$ cat run.pdb   # PDB, C-alpha atoms
MODEL        1
ATOM      1  CA  MET A   1      38.633  11.441   0.423
ATOM      2  CA  LEU A   2      36.595  13.363  -2.124
ATOM      3  CA  ALA A   3      37.225  10.702  -4.748
ATOM      4  CA  ALA A   4      36.243   7.942  -2.329
ATOM      5  CA  SER A   5      33.124   9.861  -1.377
ATOM      6  CA  ALA A   6      32.181  10.351  -5.035
ATOM      7  CA  CYS A   7      32.656   6.630  -5.711
ATOM      8  CA  ALA A   8      30.527   5.758  -2.715
ATOM      9  CA  GLU A   9      27.770   8.115  -3.881
ATOM     10  CA  HIS A  10      27.959   6.601  -7.366
ATOM     11  CA  ASP A  11      27.686   3.079  -5.933
ATOM     12  CA  ASP A  12      24.736   4.129  -3.767
ATOM     13  CA  ALA A  13      23.024   5.624  -6.814
ATOM     14  CA  ARG A  14      23.570   2.449  -8.850
ATOM     15  CA  GLN A  15      22.243   0.297  -6.000
ATOM     16  CA  ALA A  16      19.230   2.571  -5.602
ATOM     17  CA  GLY A  17      18.615   2.352  -9.334
ATOM     18  CA  ARG A  18      18.792  -1.439  -9.305
ATOM     19  CA  ALA A  19      16.436  -1.584  -6.314
ATOM     20  CA  SER A  20      14.016   0.764  -8.064
ATOM     21  CA  GLN A  21      14.111  -1.315 -11.256
ATOM     22  CA  ALA A  22      13.547  -4.509  -9.248
ATOM     23  CA  SER A  23      10.591  -2.917  -7.497
ATOM     24  CA  ASP A  24       9.103  -1.698 -10.796
ATOM     25  CA  THR A  25       9.527  -5.157 -12.359
ATOM     26  CA  ALA A  26       7.918  -6.861  -9.376
ATOM     27  CA  ARG A  27       4.957  -4.509  -9.326
ATOM     28  CA  ALA A  28       4.590  -4.948 -13.085
ATOM     29  CA  ARG A  29       3.883  -8.626 -12.402
ATOM     30  CA  ILE A  30       1.273  -7.727  -9.768
ATOM     31  CA  ILE A  31      -1.199  -5.586 -11.641
ATOM     32  CA  ASP A  32      -4.437  -6.667  -9.983
ATOM     33  CA  TYR A  33      -5.947  -8.947  -7.361
ATOM     34  CA  ASP A  34      -6.040 -11.942  -9.717
ATOM     35  CA  SER A  35      -2.276 -11.740 -10.211
ATOM     36  CA  ALA A  36      -1.626 -11.300  -6.466
ATOM     37  CA  ARG A  37      -3.607 -14.299  -5.176
ATOM     38  CA  PRO A  38      -1.418 -17.086  -6.613
ATOM     39  CA  LEU A  39       1.680 -15.308  -5.294
ATOM     40  CA  LEU A  40       0.194 -15.100  -1.813
ATOM     41  CA  TRP A  41      -0.732 -18.785  -1.648
ATOM     42  CA  GLY A  42       2.103 -20.141  -3.765
ATOM     43  CA  THR A  43       4.955 -18.203  -2.158
ATOM     44  CA  LEU A  44       4.043 -16.571   1.147
ATOM     45  CA  TYR A  45       1.994 -19.524   2.409
ATOM     46  CA  ALA A  46       3.232 -22.356   0.196
ATOM     47  CA  GLU A  47       3.688 -24.573   3.251
ATOM     48  CA  GLY A  48       0.619 -23.323   5.126
ATOM     49  CA  GLY A  49       0.348 -20.980   8.071
ATOM     50  CA  GLU A  50      -2.349 -19.577  10.313
ATOM     51  CA  THR A  51      -5.288 -17.268   9.757
ATOM     52  CA  LEU A  52      -4.908 -13.678  10.888
ATOM     53  CA  TYR A  53      -7.957 -13.006  13.012
ATOM     54  CA  CYS A  54      -8.003 -16.098  15.206
ATOM     55  CA  GLY A  55      -4.882 -18.158  14.486
ATOM     56  CA  ARG A  56      -6.515 -21.167  12.818
ATOM     57  CA  GLN A  57      -3.788 -23.424  11.416
ATOM     58  CA  PHE A  58      -3.893 -24.549   7.766
ATOM     59  CA  GLY A  59      -1.633 -26.619   5.543
ATOM     60  CA  ALA A  60      -0.360 -26.270   1.990
ATOM     61  CA  SER A  61      -3.802 -27.387   0.851
ATOM     62  CA  LYS A  62      -5.731 -24.687   2.664
ATOM     63  CA  GLY A  63      -9.179 -26.158   2.029
ATOM     64  CA  LYS A  64     -12.428 -24.374   1.279
ATOM     65  CA  LYS A  65     -12.894 -22.603   4.617
ATOM     66  CA  ILE A  66     -10.048 -20.108   4.154
ATOM     67  CA  ASN A  67      -9.782 -17.154   1.797
ATOM     68  CA  ILE A  68      -8.007 -13.797   1.570
ATOM     69  CA  GLU A  69      -8.860 -10.788   3.708
ATOM     70  CA  HIS A  70      -8.034  -7.176   2.878
ATOM     71  CA  VAL A  71      -7.256  -5.693   6.297
ATOM     72  CA  PHE A  72      -7.685  -2.169   4.932
ATOM     73  CA  PRO A  73     -11.178  -2.573   3.435
ATOM     74  CA  MET A  74     -11.459  -2.084  -0.288
ATOM     75  CA  SER A  75     -14.789  -0.320   0.136
ATOM     76  CA  TRP A  76     -12.861   2.405   1.990
ATOM     77  CA  VAL A  77     -10.424   2.571  -0.923
ATOM     78  CA  ALA A  78     -13.266   2.804  -3.448
ATOM     79  CA  TRP A  79     -14.784   5.656  -1.442
ATOM     80  CA  HIS A  80     -11.414   7.434  -1.315
ATOM     81  CA  LEU A  81     -10.902   7.104  -5.079
ATOM     82  CA  HIS A  82     -14.528   7.954  -5.928
ATOM     83  CA  CYS A  83     -14.594   5.161  -8.495
ATOM     84  CA  GLY A  84     -17.918   3.553  -7.534
ATOM     85  CA  GLN A  85     -18.497   0.064  -6.151
ATOM     86  CA  ARG A  86     -15.723  -2.540  -6.069
ATOM     87  CA  LYS A  87     -16.613  -4.199  -9.391
ATOM     88  CA  GLU A  88     -16.860  -0.825 -11.098
ATOM     89  CA  CYS A  89     -13.525   0.298  -9.644
ATOM     90  CA  ARG A  90     -11.844  -2.834 -10.986
ATOM     91  CA  GLN A  91     -13.043  -1.951 -14.474
ATOM     92  CA  THR A  92     -12.243   1.761 -14.411
ATOM     93  CA  SER A  93      -9.351   2.422 -12.014
ATOM     94  CA  ASP A  94      -5.802   1.102 -12.477
ATOM     95  CA  ARG A  95      -4.911   2.621  -9.113
ATOM     96  CA  PHE A  96      -7.683   0.679  -7.377
ATOM     97  CA  ASN A  97      -6.417  -2.541  -8.964
ATOM     98  CA  LEU A  98      -2.870  -1.837  -7.793
ATOM     99  CA  ILE A  99      -4.022  -1.080  -4.238
ATOM    100  CA  GLU A 100      -6.259  -4.160  -4.133
ATOM    101  CA  ALA A 101      -3.285  -6.334  -5.113
ATOM    102  CA  ASP A 102      -0.814  -5.077  -2.486
ATOM    103  CA  LEU A 103       0.426  -8.151  -0.614
ATOM    104  CA  HIS A 104       1.094  -6.203   2.583
ATOM    105  CA  ASN A 105      -2.681  -5.856   2.950
ATOM    106  CA  LEU A 106      -3.609  -9.465   2.100
ATOM    107  CA  TRP A 107      -3.930 -12.058   4.879
ATOM    108  CA  PRO A 108      -5.394 -15.574   5.214
ATOM    109  CA  ALA A 109      -8.726 -15.609   7.040
ATOM    110  CA  LEU A 110     -11.579 -17.984   7.736
ATOM    111  CA  LYS A 111     -14.345 -17.199   5.267
ATOM    112  CA  THR A 112     -16.872 -16.930   8.099
ATOM    113  CA  ILE A 113     -14.745 -14.369   9.917
ATOM    114  CA  ASN A 114     -13.900 -12.491   6.718
ATOM    115  CA  LYS A 115     -17.585 -12.113   5.909
ATOM    116  CA  ALA A 116     -18.458 -11.050   9.462
ATOM    117  CA  ARG A 117     -15.696  -8.453   9.525
ATOM    118  CA  SER A 118     -17.089  -6.914   6.320
ATOM    119  CA  SER A 119     -15.678  -3.382   6.234
ATOM    120  CA  HIS A 120     -16.196  -2.687   9.939
ATOM    121  CA  PRO A 121     -13.463  -0.747  11.737
ATOM    122  CA  PHE A 122     -11.472  -2.355  14.545
ATOM    123  CA  GLY A 123     -12.031  -1.668  18.218
ATOM    124  CA  MET A 124     -12.568  -3.114  21.677
ATOM    125  CA  ILE A 125     -15.848  -4.850  22.576
ATOM    126  CA  LYS A 126     -17.046  -5.573  26.089
ATOM    127  CA  GLY A 127     -17.320  -9.240  27.013
ATOM    128  CA  GLU A 128     -16.053 -12.303  25.195
ATOM    129  CA  LYS A 129     -18.918 -13.344  22.949
ATOM    130  CA  HIS A 130     -16.981 -15.146  20.220
ATOM    131  CA  LEU A 131     -18.504 -15.360  16.773
ATOM    132  CA  ILE A 132     -17.532 -19.019  16.327
ATOM    133  CA  ARG A 133     -16.130 -21.612  18.730
ATOM    134  CA  GLY A 134     -12.370 -21.652  19.058
ATOM    135  CA  CYS A 135     -11.883 -18.216  17.487
ATOM    136  CA  ASP A 136     -11.329 -15.149  19.671
ATOM    137  CA  PHE A 137     -13.118 -12.746  17.352
ATOM    138  CA  GLU A 138     -16.066 -10.581  18.378
ATOM    139  CA  VAL A 139     -18.500  -8.489  16.352
ATOM    140  CA  ASP A 140     -20.710  -5.653  17.592
ATOM    141  CA  GLU A 141     -23.159  -5.024  14.764
ATOM    142  CA  GLY A 142     -24.801  -2.187  16.661
ATOM    143  CA  ARG A 143     -21.559  -0.219  16.836
ATOM    144  CA  ARG A 144     -20.279  -1.787  13.591
ATOM    145  CA  VAL A 145     -16.988  -2.733  15.255
ATOM    146  CA  VAL A 146     -14.930  -5.950  15.297
ATOM    147  CA  GLU A 147     -12.326  -7.119  17.801
ATOM    148  CA  PRO A 148      -9.704  -9.705  16.747
ATOM    149  CA  TRP A 149      -7.590 -11.778  19.106
ATOM    150  CA  PRO A 150      -4.635  -9.977  20.752
ATOM    151  CA  ARG A 151      -1.943 -11.756  18.706
ATOM    152  CA  ALA A 152      -3.276 -10.267  15.454
ATOM    153  CA  ARG A 153      -3.637  -6.677  16.585
ATOM    154  CA  GLY A 154      -0.107  -5.507  15.852
ATOM    155  CA  GLU A 155      -0.144  -7.018  12.355
ATOM    156  CA  ILE A 156      -3.498  -5.369  11.690
ATOM    157  CA  ALA A 157      -2.304  -1.969  12.899
ATOM    158  CA  ARG A 158       0.901  -2.071  10.877
ATOM    159  CA  SER A 159      -0.935  -3.170   7.721
ATOM    160  CA  MET A 160      -3.434  -0.333   8.140
ATOM    161  CA  PHE A 161      -0.702   2.256   8.689
ATOM    162  CA  TYR A 162       1.251   0.957   5.700
ATOM    163  CA  MET A 163      -1.756   1.288   3.403
ATOM    164  CA  ALA A 164      -2.565   4.786   4.627
ATOM    165  CA  ASN A 165       1.031   5.929   4.136
ATOM    166  CA  GLU A 166       1.694   4.118   0.841
ATOM    167  CA  TYR A 167      -1.466   5.272  -0.935
ATOM    168  CA  GLY A 168      -2.545   8.405   0.930
ATOM    169  CA  LEU A 169      -5.623   6.685   2.369
ATOM    170  CA  HIS A 170      -7.559   8.009   5.351
ATOM    171  CA  ILE A 171      -7.829   6.431   8.791
ATOM    172  CA  ARG A 172     -10.253   8.115  11.171
ATOM    173  CA  ALA A 173      -8.776   9.584  14.350
ATOM    174  CA  LYS A 174     -10.494   7.172  16.742
ATOM    175  CA  GLN A 175      -9.429   4.192  14.663
ATOM    176  CA  GLY A 176      -5.890   5.537  14.478
ATOM    177  CA  ARG A 177      -5.640   5.864  18.264
ATOM    178  CA  THR A 178      -6.732   2.251  18.728
ATOM    179  CA  LEU A 179      -4.268   1.009  16.118
ATOM    180  CA  LYS A 180      -1.363   2.898  17.712
ATOM    181  CA  ILE A 181      -2.083   1.188  21.029
ATOM    182  CA  TRP A 182      -2.332  -2.202  19.341
ATOM    183  CA  SER A 183       0.952  -1.722  17.491
ATOM    184  CA  ARG A 184       2.745  -0.902  20.762
ATOM    185  CA  GLU A 185       1.193  -3.761  22.716
ATOM    186  CA  ASP A 186       1.622  -6.466  20.057
ATOM    187  CA  VAL A 187       5.231  -6.185  18.914
ATOM    188  CA  VAL A 188       6.583  -7.515  15.621
ATOM    189  CA  SER A 189       6.928 -11.315  15.638
ATOM    190  CA  ALA A 190       9.374 -13.565  13.810
ATOM    191  CA  GLU A 191       6.564 -14.652  11.480
ATOM    192  CA  GLU A 192       5.698 -11.053  10.648
ATOM    193  CA  LYS A 193       9.371 -10.394   9.803
ATOM    194  CA  ARG A 194       9.464 -13.518   7.607
ATOM    195  CA  ARG A 195       6.361 -12.363   5.778
ATOM    196  CA  ASN A 196       7.760  -8.842   5.294
ATOM    197  CA  ASP A 197      11.013 -10.239   3.880
ATOM    198  CA  ALA A 198       9.104 -12.551   1.528
ATOM    199  CA  ILE A 199       6.855  -9.755   0.267
ATOM    200  CA  GLU A 200       9.880  -7.564  -0.418
ATOM    201  CA  LYS A 201      11.311 -10.304  -2.655
ATOM    202  CA  ILE A 202       8.002 -10.657  -4.514
ATOM    203  CA  GLN A 203       6.685  -7.104  -4.588
ATOM    204  CA  GLY A 204       9.860  -5.039  -4.196
ATOM    205  CA  ASN A 205       8.966  -3.036  -1.083
ATOM    206  CA  ARG A 206       8.701  -3.449   2.675
ATOM    207  CA  ASN A 207       6.214  -2.409   5.309
ATOM    208  CA  PRO A 208       8.315   0.149   7.244
ATOM    209  CA  TYR A 209       6.090  -0.088  10.307
TER     210      TYR A 209
ENDMDL
END
$ encode --input "run.pdb" --output "C-alpha cells"
Amino acid sequence: MLAASACAEHDDARQAGRASQASDTARARIIDYDSARPLLWGTLYAEGGETLYCGRQFGASKGKKINIEHVFPMSWVAWHLHCGQRKECRQTSDRFNLIEADLHNLWPALKTINKARSSHPFGMIKGEKHLIRGCDFEVDEGRRVVEPWPRARGEIARSMFYMANEYGLHIRAKQGRTLKIWSREDVVSAEEKRRNDAIEKIQGNRNPY
C-alpha cells in the first residue's frame, strides 16, 4: 500500500509539473494585449458568437461595430498598480501587460456599449431606459453605474471575482454584494463552460468561479 501510495504521489507530482509547464508556456505566448486579441478572435470566437452586454449576434467576420471589453476595468488595475495612465502602464509595467491580456477578462462587446460602460461599476438602475434600441443595457451617468441584461450578469460577476482573486485586485464592498447576487441568479451556462474550457487550452488556467 505504501509503495502504491508513493507511486500515486509521484504520478500526481509529474502531472502537476506538466500542467505547470503547459501553463507557463501558454502564458509566455500571451505577454500583452496585442498577443491576446488574435487568440480571442481566432480561437474563442472563430465561428462568431454574441456580445456580452446585450447578446448581439456576430459571425466569423465580426464587422466594425464590435470590439473587446475588459470587464474588470484596466483603469482600476492601473490605479491598483500605481503605474500611471493605461498607455504609461503598458510601457512600464510587465504585470499590467499580463493582467490586460488575461482572456478570462476579455469579452466581445458593441463598441457603443463598450464606450458607454467606460470604467463604471455595475449595479441596478430604475426603469428600462436602454442606451440603444434592441440592447438591454442602461447607464446612469449621475451615479456612474451601468446595468447589463440579466443573461450577462453571472459571466460579469465571475470574471470580476476571477480577476480580483488571480491578481489581488480590489472590488468595493457594495460592488461585491451586487456581483454575488448576480452570480447566484445567473448560473453558469453551456457557453460559459465552453469558453472556460477553450481558455484553459490557450492560456493554461481556468476561472474557478
$ residues_around --input "run.pdb" --residues "Gly49 (chain A)" --least-positions-apart "4" --cutoff "10 Å" --atoms "only C-alpha atoms" --output "ChimeraX atom specification"
/A:44-45,55-60,62,108,191
$ resolve_selection --input "run.pdb" --expression "the PyMOL selection byres ((chain A and resi 77-90) around 10)" --output "MDAnalysis selection string"
chainID A and resid 32:33 72:76 91:100 163:164 167:170
$ atom_distance --input "run.pdb" --atom1 "CA of Glu47 (chain A)" --atom2 "CA of Ile199 (chain A)"
15.4 Å
$ atom_distance --input "run.pdb" --atom1 "CA of Lys64 (chain A)" --atom2 "CA of Gly123 (chain A)"
28.3 Å
$ residues_around --input "run.pdb" --residues "Pro148 (chain A)" --least-positions-apart "3" --cutoff "12 Å" --atoms "all atoms listed in the file" --output "PyMOL selection string"
chain A and resi 51-55+71+109+113-114+116-117+120-125+128-131+135-140+145+151-157+182
$ residues_near_point --input "run.pdb" --point "(0.6, -11.8, -1.8)" --cutoff "7 Å" --atoms "only C-alpha atoms" --output "count of residues only"
9
$ residues_near_point --input "run.pdb" --point "(9.6, -5.2, 1.2)" --cutoff "10 Å" --atoms "only C-alpha atoms" --output "PDB file with C-alpha atoms, in the frame of the given file"
ATOM      1  CA  SER A  23      10.591  -2.917  -7.497  1.00  0.00           C
ATOM      2  CA  LEU A 103       0.426  -8.151  -0.614  1.00  0.00           C
ATOM      3  CA  HIS A 104       1.094  -6.203   2.583  1.00  0.00           C
ATOM      4  CA  ARG A 195       6.361 -12.363   5.778  1.00  0.00           C
ATOM      5  CA  ASN A 196       7.760  -8.842   5.294  1.00  0.00           C
ATOM      6  CA  ASP A 197      11.013 -10.239   3.880  1.00  0.00           C
ATOM      7  CA  ALA A 198       9.104 -12.551   1.528  1.00  0.00           C
ATOM      8  CA  ILE A 199       6.855  -9.755   0.267  1.00  0.00           C
ATOM      9  CA  GLU A 200       9.880  -7.564  -0.418  1.00  0.00           C
ATOM     10  CA  LYS A 201      11.311 -10.304  -2.655  1.00  0.00           C
ATOM     11  CA  ILE A 202       8.002 -10.657  -4.514  1.00  0.00           C
ATOM     12  CA  GLN A 203       6.685  -7.104  -4.588  1.00  0.00           C
ATOM     13  CA  GLY A 204       9.860  -5.039  -4.196  1.00  0.00           C
ATOM     14  CA  ASN A 205       8.966  -3.036  -1.083  1.00  0.00           C
ATOM     15  CA  ARG A 206       8.701  -3.449   2.675  1.00  0.00           C
ATOM     16  CA  ASN A 207       6.214  -2.409   5.309  1.00  0.00           C
ATOM     17  CA  PRO A 208       8.315   0.149   7.244  1.00  0.00           C
TER      18      PRO A 208
END
$ axis_aligned_box --input "run.pdb" --around "region 153-161 of chain A" --padding-each-side "5 Å" --output "AutoDock Vina command-line options"
--center_x -1.4 --center_y -2.4 --center_z 12.2 --size_x 14.5 --size_y 19.3 --size_z 18.9
$ closest_residue --input "run.pdb" --among "A:Lys65, A:Lys180, A:Lys126, A:Arg133" --to "Leu110 (chain A)" --atoms "all atoms listed in the file"
A:Lys65
$ closest_residue --input "run.pdb" --among "A:Glu69, A:Glu166, A:Gly134, A:Pro38" --to "Ser118 (chain A)" --atoms "only C-alpha atoms"
A:Glu69
$ decode --input "run.pdb" --residues "region 19-70 of chain A" --atoms "C-alpha atoms" --output "compact mmCIF listing (two decimals), in the first residue's frame"
# COMPACT_ATOMS: atom_id res chain seq x y z
CA ALA A 19 0.32 21.17 -16.11
CA SER A 20 2.50 23.91 -14.64
CA GLN A 21 4.87 23.80 -17.61
CA ALA A 22 1.93 23.92 -20.03
CA SER A 23 0.51 26.91 -18.19
CA ASP A 24 3.88 28.71 -18.20
CA THR A 25 4.31 28.04 -21.94
CA ALA A 26 0.81 29.29 -22.71
CA ARG A 27 1.24 32.46 -20.70
CA ALA A 28 4.62 33.01 -22.34
CA ARG A 29 2.76 33.30 -25.65
CA ILE A 30 0.32 35.83 -24.15
CA ILE A 31 2.55 38.61 -22.91
CA ASP A 32 0.35 41.62 -23.65
CA TYR A 33 -2.97 42.73 -25.07
CA ASP A 34 -1.69 42.67 -28.66
CA SER A 35 -0.83 38.98 -28.35
CA ALA A 36 -4.18 38.15 -26.69
CA ARG A 37 -6.51 39.75 -29.25
CA PRO A 38 -5.83 37.39 -32.18
CA LEU A 39 -6.25 34.40 -29.85
CA LEU A 40 -9.60 35.69 -28.65
CA TRP A 41 -11.00 36.24 -32.15
CA GLY A 42 -9.17 33.41 -33.89
CA THR A 43 -9.83 30.68 -31.34
CA LEU A 44 -12.52 31.54 -28.81
CA TYR A 45 -14.82 33.21 -31.34
CA ALA A 46 -13.51 31.84 -34.63
CA GLU A 47 -17.05 30.98 -35.72
CA GLY A 48 -18.70 34.04 -34.17
CA GLY A 49 -20.78 34.36 -31.03
CA GLU A 50 -22.70 37.04 -29.19
CA THR A 51 -21.71 40.23 -27.41
CA LEU A 52 -21.62 40.13 -23.62
CA TYR A 53 -23.69 43.10 -22.54
CA CYS A 54 -26.73 42.71 -24.76
CA GLY A 55 -26.42 39.45 -26.70
CA ARG A 56 -25.93 40.87 -30.20
CA GLN A 57 -25.07 38.03 -32.58
CA PHE A 58 -21.98 38.24 -34.81
CA GLY A 59 -20.33 35.92 -37.31
CA ALA A 60 -16.75 34.91 -38.02
CA SER A 61 -16.33 38.29 -39.70
CA LYS A 62 -17.37 40.36 -36.71
CA GLY A 63 -17.53 43.68 -38.56
CA LYS A 64 -16.55 47.13 -37.36
CA LYS A 65 -19.19 47.56 -34.66
CA ILE A 66 -17.72 45.01 -32.24
CA ASN A 67 -14.54 45.18 -30.18
CA ILE A 68 -13.12 43.76 -26.95
CA GLU A 69 -14.27 44.78 -23.49
CA HIS A 70 -12.29 44.37 -20.28
